[in-house]
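As stored in coords.txt (compact mmCIF, C-alpha atoms and all ligand atoms):
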```
# COMPACT_ATOMS: atom_id res chain seq x y z
CA MET Q 1 -17.99 -29.62 57.96
CA PRO Q 2 -15.82 -28.24 55.12
CA GLY Q 3 -12.08 -28.72 55.40
CA HIS Q 4 -8.88 -26.73 55.20
CA ILE Q 5 -5.48 -28.10 56.19
CA PRO Q 6 -3.47 -25.36 57.93
CA VAL Q 7 -0.10 -24.81 56.21
CA LEU Q 8 3.28 -24.74 57.96
CA LYS Q 9 1.49 -25.50 61.23
CA ASN Q 10 4.59 -26.61 63.16
CA GLU Q 11 6.65 -23.67 61.92
CA VAL Q 12 3.90 -21.24 62.98
CA ALA Q 13 3.66 -22.95 66.38
CA ASP Q 14 7.42 -22.66 66.97
CA LEU Q 15 7.77 -19.08 65.79
CA LEU Q 16 4.79 -17.87 67.81
CA ASN Q 17 5.85 -19.88 70.90
CA ILE Q 18 2.29 -21.09 71.29
CA THR Q 19 3.10 -23.50 74.11
CA GLY Q 20 3.99 -20.63 76.40
CA GLU Q 21 1.15 -18.73 78.04
CA GLY Q 22 0.07 -15.94 75.71
CA ILE Q 23 -2.46 -13.77 73.93
CA PHE Q 24 -2.67 -14.18 70.15
CA PHE Q 25 -4.31 -12.46 67.19
CA ASP Q 26 -5.16 -14.55 64.14
CA GLY Q 27 -6.11 -12.04 61.43
CA THR Q 28 -7.18 -14.74 58.97
CA VAL Q 29 -9.00 -17.30 61.11
CA GLY Q 30 -10.52 -19.22 58.17
CA LEU Q 31 -11.71 -22.55 59.53
CA ALA Q 32 -9.59 -22.05 62.66
CA GLY Q 33 -6.90 -24.63 61.89
CA HIS Q 34 -4.08 -22.47 63.24
CA SER Q 35 -6.36 -20.87 65.84
CA SER Q 36 -7.32 -24.23 67.37
CA ALA Q 37 -3.65 -25.26 67.46
CA ILE Q 38 -2.89 -22.04 69.37
CA LEU Q 39 -5.69 -22.62 71.89
CA ASN Q 40 -4.87 -26.30 72.23
CA ALA Q 41 -1.19 -25.67 72.94
CA ASN Q 42 -1.72 -24.07 76.34
CA SER Q 43 -4.92 -23.99 78.39
CA THR Q 44 -4.29 -20.36 79.36
CA ASN Q 45 -3.80 -19.03 75.82
CA TYR Q 46 -6.35 -16.44 74.65
CA LEU Q 47 -7.13 -15.73 70.99
CA TYR Q 48 -8.59 -12.80 69.08
CA GLY Q 49 -9.51 -13.77 65.55
CA ALA Q 50 -10.81 -12.01 62.45
CA ASP Q 51 -12.00 -13.03 59.02
CA LYS Q 52 -13.73 -11.13 56.21
CA ASP Q 53 -15.83 -14.14 55.35
CA SER Q 54 -18.88 -14.48 57.62
CA GLU Q 55 -19.29 -18.17 56.71
CA ALA Q 56 -15.69 -18.85 57.73
CA ILE Q 57 -16.38 -17.12 61.06
CA GLU Q 58 -19.41 -19.37 61.64
CA PHE Q 59 -17.38 -22.52 60.95
CA ALA Q 60 -14.50 -21.20 63.07
CA LYS Q 61 -16.91 -20.65 65.99
CA LYS Q 62 -18.00 -24.29 65.75
CA ASN Q 63 -14.43 -25.57 65.46
CA LEU Q 64 -13.39 -23.52 68.49
CA GLU Q 65 -16.28 -24.70 70.70
CA PRO Q 66 -13.96 -26.85 72.88
CA PHE Q 67 -12.15 -23.62 73.84
CA TYR Q 68 -15.30 -21.72 74.81
CA GLY Q 69 -14.51 -18.57 76.83
CA ARG Q 70 -10.94 -18.27 75.55
CA PHE Q 71 -11.51 -16.52 72.23
CA THR Q 72 -13.23 -13.56 70.59
CA LEU Q 73 -13.97 -13.62 66.87
CA PHE Q 74 -14.68 -10.67 64.61
CA HIS Q 75 -16.26 -10.67 61.18
CA SER Q 76 -13.89 -8.06 59.82
CA ASP Q 77 -10.92 -7.26 57.69
CA PHE Q 78 -7.80 -7.57 59.85
CA ARG Q 79 -6.74 -4.16 58.53
CA ASN Q 80 -9.44 -2.77 60.88
CA ILE Q 81 -7.56 -4.05 63.94
CA LYS Q 82 -7.52 -0.59 65.50
CA ASN Q 83 -11.33 -0.52 65.43
CA LEU Q 84 -11.56 -4.04 66.81
CA LEU Q 85 -9.19 -3.76 69.74
CA PRO Q 86 -8.07 -0.79 71.87
CA PRO Q 87 -4.33 0.02 71.67
CA LYS Q 88 -3.76 -1.22 75.22
CA VAL Q 89 -5.07 -4.66 74.21
CA ILE Q 90 -3.01 -4.73 71.00
CA ALA Q 91 0.02 -3.88 73.13
CA LYS Q 92 -0.58 -7.01 75.25
CA ILE Q 93 -0.65 -9.44 72.32
CA ASP Q 94 2.29 -11.85 72.17
CA GLY Q 95 1.81 -13.24 68.66
CA PHE Q 96 0.10 -12.13 65.44
CA LEU Q 97 -0.65 -14.50 62.57
CA PHE Q 98 -1.70 -13.62 59.01
CA ASP Q 99 -2.23 -16.61 56.71
CA LEU Q 100 -3.14 -14.55 53.66
CA GLY Q 101 -5.27 -15.38 50.65
CA VAL Q 102 -8.13 -17.83 50.35
CA SER Q 103 -8.85 -21.12 52.11
CA SER Q 104 -9.57 -24.48 50.48
CA PHE Q 105 -13.10 -24.07 51.80
CA GLN Q 106 -13.48 -20.89 49.71
CA LEU Q 107 -11.68 -22.24 46.63
CA ASP Q 108 -13.65 -25.48 46.59
CA ASN Q 109 -17.02 -23.85 47.23
CA PRO Q 110 -18.71 -23.31 43.82
CA ASP Q 111 -20.99 -20.59 45.26
CA LYS Q 112 -18.00 -18.35 45.91
CA GLY Q 113 -16.79 -18.38 42.31
CA PHE Q 114 -13.05 -18.31 43.05
CA ALA Q 115 -11.92 -21.23 40.95
CA TYR Q 116 -12.14 -22.04 37.29
CA ALA Q 117 -11.94 -25.78 37.99
CA GLN Q 118 -15.72 -25.73 38.36
CA ASP Q 119 -18.28 -23.56 36.66
CA SER Q 120 -19.81 -21.06 39.06
CA PRO Q 121 -21.17 -17.49 39.10
CA LEU Q 122 -18.45 -14.83 38.80
CA ASP Q 123 -18.28 -13.63 42.39
CA MET Q 124 -14.96 -14.04 44.31
CA ARG Q 125 -16.03 -11.86 47.26
CA MET Q 126 -14.61 -13.00 50.58
CA ASP Q 127 -17.02 -10.59 52.22
CA LYS Q 128 -20.51 -10.90 50.74
CA ASN Q 129 -21.45 -7.50 52.21
CA GLN Q 130 -19.27 -5.64 49.73
CA SER Q 131 -20.74 -4.66 46.37
CA LEU Q 132 -17.73 -5.14 44.06
CA SER Q 133 -17.69 -8.67 42.66
CA ALA Q 134 -15.84 -10.43 39.84
CA PHE Q 135 -18.95 -9.91 37.70
CA GLU Q 136 -18.57 -6.13 38.04
CA VAL Q 137 -14.86 -6.22 37.29
CA VAL Q 138 -15.18 -8.45 34.21
CA ASN Q 139 -18.27 -6.77 32.76
CA HIS Q 140 -17.91 -3.11 33.75
CA TYR Q 141 -14.19 -2.28 34.01
CA SER Q 142 -12.84 -0.38 31.01
CA HIS Q 143 -10.28 -1.91 28.63
CA ASP Q 144 -7.54 0.13 30.36
CA GLN Q 145 -8.65 -0.87 33.86
CA LEU Q 146 -8.65 -4.56 32.95
CA SER Q 147 -5.22 -4.29 31.30
CA ASP Q 148 -3.91 -2.54 34.38
CA ILE Q 149 -5.07 -5.15 36.91
CA PHE Q 150 -3.97 -8.07 34.69
CA LYS Q 151 -0.52 -6.49 34.47
CA ARG Q 152 -0.24 -5.47 38.11
CA TYR Q 153 -1.91 -8.36 39.89
CA GLY Q 154 -1.58 -11.10 37.28
CA GLU Q 155 1.95 -10.08 36.29
CA LEU Q 156 1.13 -10.57 32.61
CA ASP Q 157 3.39 -8.53 30.34
CA ASN Q 158 0.94 -8.14 27.51
CA PRO Q 159 -2.68 -8.98 28.33
CA ALA Q 160 -4.06 -7.00 25.32
CA ARG Q 161 -5.44 -10.00 23.40
CA ILE Q 162 -7.15 -11.40 26.48
CA VAL Q 163 -8.70 -8.01 27.31
CA ASP Q 164 -9.80 -7.57 23.66
CA GLN Q 165 -11.61 -10.92 23.81
CA ILE Q 166 -13.36 -10.10 27.09
CA VAL Q 167 -14.48 -6.69 25.84
CA PHE Q 168 -15.64 -8.16 22.51
CA HIS Q 169 -17.72 -10.87 24.20
CA ARG Q 170 -19.40 -8.70 26.78
CA LYS Q 171 -20.71 -6.36 24.04
CA THR Q 172 -23.26 -9.00 23.03
CA LYS Q 173 -23.77 -10.84 26.33
CA LYS Q 174 -22.62 -10.29 29.91
CA ILE Q 175 -20.04 -12.81 31.10
CA GLU Q 176 -21.81 -14.46 34.02
CA ASN Q 177 -19.78 -17.42 35.17
CA THR Q 178 -16.26 -18.76 35.55
CA GLY Q 179 -16.76 -21.33 32.79
CA GLU Q 180 -17.58 -18.63 30.20
CA LEU Q 181 -14.60 -16.53 31.25
CA LYS Q 182 -12.33 -19.58 31.09
CA THR Q 183 -13.48 -20.39 27.53
CA ILE Q 184 -12.94 -16.78 26.40
CA ILE Q 185 -9.43 -16.63 27.87
CA ARG Q 186 -8.45 -20.04 26.53
CA ARG Q 187 -9.22 -18.91 22.95
CA VAL Q 188 -6.23 -16.57 23.02
CA ALA Q 189 -4.13 -17.93 25.88
CA PRO Q 190 -3.41 -21.64 25.65
CA GLN Q 191 -2.59 -23.61 28.79
CA GLN Q 192 0.95 -23.31 30.15
CA LYS Q 193 2.65 -25.53 32.69
CA THR Q 194 3.94 -22.78 34.97
CA MET Q 195 1.83 -19.78 35.87
CA ASP Q 196 -0.87 -20.48 33.33
CA PRO Q 197 -2.34 -17.15 32.05
CA LEU Q 198 -5.76 -18.40 33.15
CA ALA Q 199 -4.51 -18.76 36.74
CA ARG Q 200 -2.93 -15.31 36.53
CA ILE Q 201 -6.15 -13.69 35.29
CA PHE Q 202 -8.22 -15.35 38.02
CA GLN Q 203 -5.63 -14.29 40.61
CA ALA Q 204 -5.70 -10.69 39.33
CA ILE Q 205 -9.50 -10.48 39.47
CA ARG Q 206 -9.56 -11.98 42.98
CA ILE Q 207 -6.95 -9.52 44.27
CA GLU Q 208 -8.86 -6.60 42.76
CA VAL Q 209 -12.25 -7.72 44.08
CA ASN Q 210 -10.99 -8.19 47.63
CA GLY Q 211 -8.52 -5.29 47.64
CA GLU Q 212 -6.03 -7.85 48.92
CA LEU Q 213 -2.92 -5.69 48.53
CA THR Q 214 -4.48 -2.31 49.26
CA GLY Q 215 -2.82 -0.65 52.23
CA LEU Q 216 -1.12 -3.89 53.28
CA GLU Q 217 2.33 -2.36 53.69
CA ASP Q 218 0.94 0.57 55.70
CA PHE Q 219 -1.01 -1.87 57.83
CA PHE Q 220 2.12 -3.83 58.76
CA ASP Q 221 4.04 -0.64 59.33
CA ASP Q 222 1.38 0.52 61.76
CA LEU Q 223 1.09 -2.85 63.44
CA PHE Q 224 4.83 -3.17 64.07
CA ASN Q 225 4.70 0.20 65.83
CA MET Q 226 1.82 -0.91 68.06
CA MET Q 227 3.33 -4.25 69.08
CA LYS Q 228 4.95 -4.69 72.48
CA PRO Q 229 8.66 -5.51 72.68
CA GLY Q 230 9.19 -9.24 72.19
CA ALA Q 231 5.84 -9.74 70.40
CA ARG Q 232 6.09 -11.72 67.19
CA VAL Q 233 4.39 -11.59 63.83
CA VAL Q 234 4.14 -14.45 61.34
CA VAL Q 235 2.87 -13.88 57.80
CA ILE Q 236 2.20 -16.62 55.25
CA SER Q 237 1.70 -15.49 51.67
CA PHE Q 238 0.83 -17.43 48.56
CA HIS Q 239 2.05 -15.25 45.71
CA SER Q 240 5.06 -13.11 45.04
CA LEU Q 241 3.19 -9.78 45.13
CA GLU Q 242 2.07 -10.35 48.72
CA ASP Q 243 5.41 -11.78 49.77
CA ARG Q 244 7.25 -8.75 48.37
CA ILE Q 245 5.08 -6.44 50.48
CA VAL Q 246 5.70 -8.44 53.66
CA LYS Q 247 9.44 -8.62 52.97
CA SER Q 248 9.65 -4.89 52.34
CA ALA Q 249 7.57 -3.99 55.44
CA LEU Q 250 9.82 -6.14 57.66
CA LYS Q 251 12.98 -4.77 56.06
CA ASP Q 252 11.85 -1.15 56.51
CA ALA Q 253 10.97 -1.83 60.15
CA ARG Q 254 14.36 -3.42 60.72
CA GLU Q 255 16.05 -0.40 59.21
CA LYS Q 256 14.11 1.82 61.58
CA GLY Q 257 15.26 -0.39 64.47
CA ILE Q 258 11.71 -1.49 65.28
CA MET Q 259 11.73 -5.14 64.22
CA GLU Q 260 14.16 -8.00 64.12
CA ILE Q 261 13.69 -10.38 61.18
CA LEU Q 262 13.50 -14.00 62.33
CA THR Q 263 13.51 -15.55 58.84
CA SER Q 264 16.50 -14.47 56.75
CA LYS Q 265 14.88 -16.40 53.89
CA PRO Q 266 11.19 -17.26 53.69
CA ILE Q 267 10.28 -20.65 55.16
CA THR Q 268 8.59 -22.98 52.68
CA ALA Q 269 6.79 -26.30 53.09
CA GLN Q 270 8.83 -29.53 53.24
CA ASP Q 271 8.25 -32.21 50.59
CA ASN Q 272 6.10 -34.35 52.90
CA GLU Q 273 3.75 -31.43 53.63
CA VAL Q 274 3.48 -30.59 49.90
CA LYS Q 275 2.63 -34.24 49.18
CA MET Q 276 -0.11 -34.22 51.81
CA ASN Q 277 -1.38 -30.72 50.97
CA PRO Q 278 -0.41 -29.54 47.45
CA ARG Q 279 -1.69 -26.01 48.23
CA SER Q 280 1.22 -25.57 50.64
CA ARG Q 281 3.64 -25.61 47.68
CA SER Q 282 3.45 -21.88 47.10
CA ALA Q 283 3.37 -20.83 50.77
CA LYS Q 284 6.11 -18.50 52.01
CA LEU Q 285 6.40 -17.69 55.68
CA ARG Q 286 8.16 -14.63 57.07
CA ALA Q 287 8.39 -13.67 60.71
CA GLY Q 288 9.61 -10.81 62.83
CA GLU Q 289 9.94 -9.82 66.47
CA ARG Q 290 9.35 -6.38 67.90
CA ARG Q 291 12.52 -5.00 69.39
CA ASN Q 292 12.89 -3.21 72.65
CA CYS Q 293 13.46 0.30 71.31
CA LEU Q 294 13.86 1.89 74.76
CA LEU Q 295 16.68 -0.48 75.56
CA LEU Q 296 18.27 0.25 72.20
CA ALA Q 297 17.98 4.00 72.65
CA ALA Q 298 19.71 3.66 76.02
CA LYS Q 299 22.53 1.56 74.52
CA VAL Q 300 23.30 3.92 71.63
CA PRO Q 301 24.60 7.38 72.61
CA ALA Q 302 22.71 10.38 71.22
CA GLY Q 303 24.19 11.68 67.97
CA HIS Q 304 25.90 8.37 67.30
CA PRO Q 305 25.61 7.53 63.58
CA LYS Q 306 24.20 4.12 64.44
CA LYS Q 307 21.31 5.76 66.22
CA ALA Q 308 20.54 8.01 63.28
CA LYS Q 309 20.38 5.08 60.87
CA GLY Q 310 18.73 2.84 63.39
CA ARG Q 311 19.76 -0.46 61.82
CA GLU Q 312 23.28 -1.35 62.94
CA VAL Q 313 22.09 -1.62 66.54
CA ASN Q 314 21.14 -5.11 65.45
CA ASP Q 315 24.73 -6.35 65.53
C1 LIG X 1 -5.60 -19.22 53.93
S1 LIG X 1 -7.08 -18.93 54.75
C2 LIG X 1 -6.68 -19.09 56.45
C3 LIG X 1 -6.83 -20.48 56.96
C4 LIG X 1 -6.63 -20.60 58.46
N1 LIG X 1 -5.29 -20.22 58.85
C5 LIG X 1 -6.93 -22.01 58.92
O1 LIG X 1 -6.00 -22.68 59.41
O2 LIG X 1 -8.06 -22.45 58.80
C6 LIG X 1 -7.28 -17.24 54.59
C7 LIG X 1 -8.52 -16.67 55.27
O3 LIG X 1 -8.27 -15.29 55.45
C8 LIG X 1 -9.40 -14.55 55.12
N2 LIG X 1 -8.89 -13.25 54.71
C9 LIG X 1 -8.11 -12.94 53.65
N3 LIG X 1 -7.78 -11.64 53.65
C10 LIG X 1 -8.34 -11.11 54.78
C11 LIG X 1 -8.34 -9.82 55.37
N4 LIG X 1 -7.72 -8.79 54.79
N5 LIG X 1 -8.98 -9.66 56.55
C12 LIG X 1 -9.62 -10.70 57.15
N6 LIG X 1 -9.67 -11.94 56.62
C13 LIG X 1 -9.03 -12.14 55.46
C14 LIG X 1 -10.10 -15.34 54.04
O4 LIG X 1 -11.48 -15.06 54.05
C15 LIG X 1 -9.79 -16.78 54.48
O5 LIG X 1 -10.81 -17.31 55.28
```

Would you mind writing the file out in structure tokens?
Amino acid sequence: MPGHIPVLKNEVADLLNITGEGIFFDGTVGLAGHSSAILNANSTNYLYGADKDSEAIEFAKKNLEPFYGRFTLFHSDFRNIKNLLPPKVIAKIDGFLFDLGVSSFQLDNPDKGFAYAQDSPLDMRMDKNQSLSAFEVVNHYSHDQLSDIFKRYGELDNPARIVDQIVFHRKTKKIENTGELKTIIRRVAPQQKTMDPLARIFQAIRIEVNGELTGLEDFFDDLFNMMKPGARVVVISFHSLEDRIVKSALKDAREKGIMEILTSKPITAQDNEVKMNPRSRSAKLRAGERRNCLLLAAKVPAGHPKKAKGREVND
């Protein structure tokens, strides 16, 4: 059975109050590390889980066998939550978890083509049913399209030389695997200690292939509105682009008086966790709790400036 060590497991458990009886939604089940902790914490807990990766769902099913009858798994993007669960079920959920990005199982699996540490076909699809793969992006995107995603998702200021090299190479032969792409990039972008350009390019292609940031802010916006008062949401992100979206969605919802932010600063892994699981180094956890808007509306008189702004009711 492939492995993945769940990050910030204790922090997630505390923030989602998993020892109390509850219904939970894990939007990124992966190999069910967090999901099994949720189901293990209280014998009456129920879990809905989703993952885009059908293989992950199969492994999760096996890992959750001891909790048979207390979970439902969906092979789906969590952004489809409204098609997976009726609003009245969403409104009963006590805790939502999103542990974004890819799992160790995906990164370490050469067939999936996520990592440049091993040579594998350019793929990077979490969901094998979709047609867009890393091969398409690298071989068929125009010079401008590649520059754009390397700037936006790889946060490279000037990717022109890298894009030139890719475009030059693919004129004579399609770039088919991660090893070839790595060699091409390395010719013009030598290794750097922090945020190596190679890592940035691979990150950018992965985000593009899986549409990882598309509609994410709107999704959270929508979700916060559907949550019941007191329900909590925990989001773990692994790069600044994702974290910025989560931070902004929570901040907007706080300003509208919908959510309370439970993490004034993102929670990061302690040294001992990083030592045991180096992938936890870049994890940032943010959490929020749905506020009781009816109660707030009753407290604040109509026409009061605090009501119009909707944020000071927090104090
Ligand atoms: C970091 S792993 C989660 C690991 C999991 N928490 C565990 O403990 O095993 C991220 C998982 O989320 C899935 N994923 C990423 N974005 C997704 C999305 N938008 N919808 C559904 N699943 C997604 C990936 O396929 C991957 O399996």

Got a sec to check which residues lie within 6 Å of ligand LIG 1 (chain X), using all atoms listed in the file, and send them as a PyMOL selection string?
-> chain Q and resi 4+6+27-34+50-53+56+76-78+99-103+126

Q:Arg286, Q:Arg281, Q:Lys88, Q:Lys62: which is nearest Arg232 in chain Q, counting only C-alpha atoms?
->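 Residue with the minimum atom-to-atom distance to Arg232 in chain Q: Q:Arg286.
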
Residues of range 96-172 of chain Q that have any atom at most 8 Å from an atom of range 186-202 of chain Q: could you tabulate them with the shortest-distance atom pair and the distance in Å to one decimal, using only C-alpha atoms, ordered by chain and increasing number, as a Markdown table?
```
| residue | atom | partner | partner_atom | distance |
| --- | --- | --- | --- | --- |
| Q:Phe114 | CA | Q:Phe202 | CA | 7.6 |
| Q:Ala115 | CA | Q:Phe202 | CA | 7.5 |
| Q:Tyr116 | CA | Q:Phe202 | CA | 7.8 |
| Q:Phe150 | CA | Q:Ile201 | CA | 6.1 |
| Q:Tyr153 | CA | Q:Arg200 | CA | 7.8 |
| Q:Gly154 | CA | Q:Arg200 | CA | 4.5 |
| Q:Glu155 | CA | Q:Arg200 | CA | 7.2 |
| Q:Leu156 | CA | Q:Arg200 | CA | 7.4 |
| Q:Arg161 | CA | Q:Val188 | CA | 6.6 |
| Q:Ile162 | CA | Q:Val188 | CA | 6.3 |
| Q:Gln165 | CA | Q:Val188 | CA | 7.8 |
```

Within-10 Å shell of (8.9, -7.5, 55.7) in input frame, all atoms listed in the file, as an MDAnalysis selection string = chainID Q and resid 217 220:221 235 243:254 259:261 263 286:288

Residue contacts of Ser133 in chain Q (12 Å, all atoms listed in the file) excluding same-chain residues fewer than 2 positions away, as an NGL selection string | :Q and (112-114 or 121-131 or 135-141 or 176-177 or 205-211)

Could you state the separation of CA of Phe96 in chain Q and CA of Asp26 in chain Q in Å, given to one decimal place?
->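 Answer for the CA of Phe96 in chain Q to CA of Asp26 in chain Q separation: 5.9 Å.
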
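The gap separating CA of Ile5 in chain Q from CA of Leu285 in chain Q is 15.8 Å, in Å to one decimal.
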
Which value, in Å to one decimal, gives the distance between CA of Tyr46 in chain Q and CA of Ile90 in chain Q?
-> 12.7 Å

Please provide as a list in words all residues within 8 Å of Ile258 in chain Q, with the sequence filter that same-chain residues fewer than 3 positions apart are discarded (counting all atoms listed in the file).
-> Phe224, Asn225, Ala253, Arg254, Glu255, Arg290, Arg291, Asn292 and Cys293 of chain Q

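You can rank Q:Ser43, Q:Thr172, Q:Ser104, Q:Gln270 by their closest distance to Asn10 in chain Q using all atoms listed in the file, and at the top of that list sits Q:Gln270.
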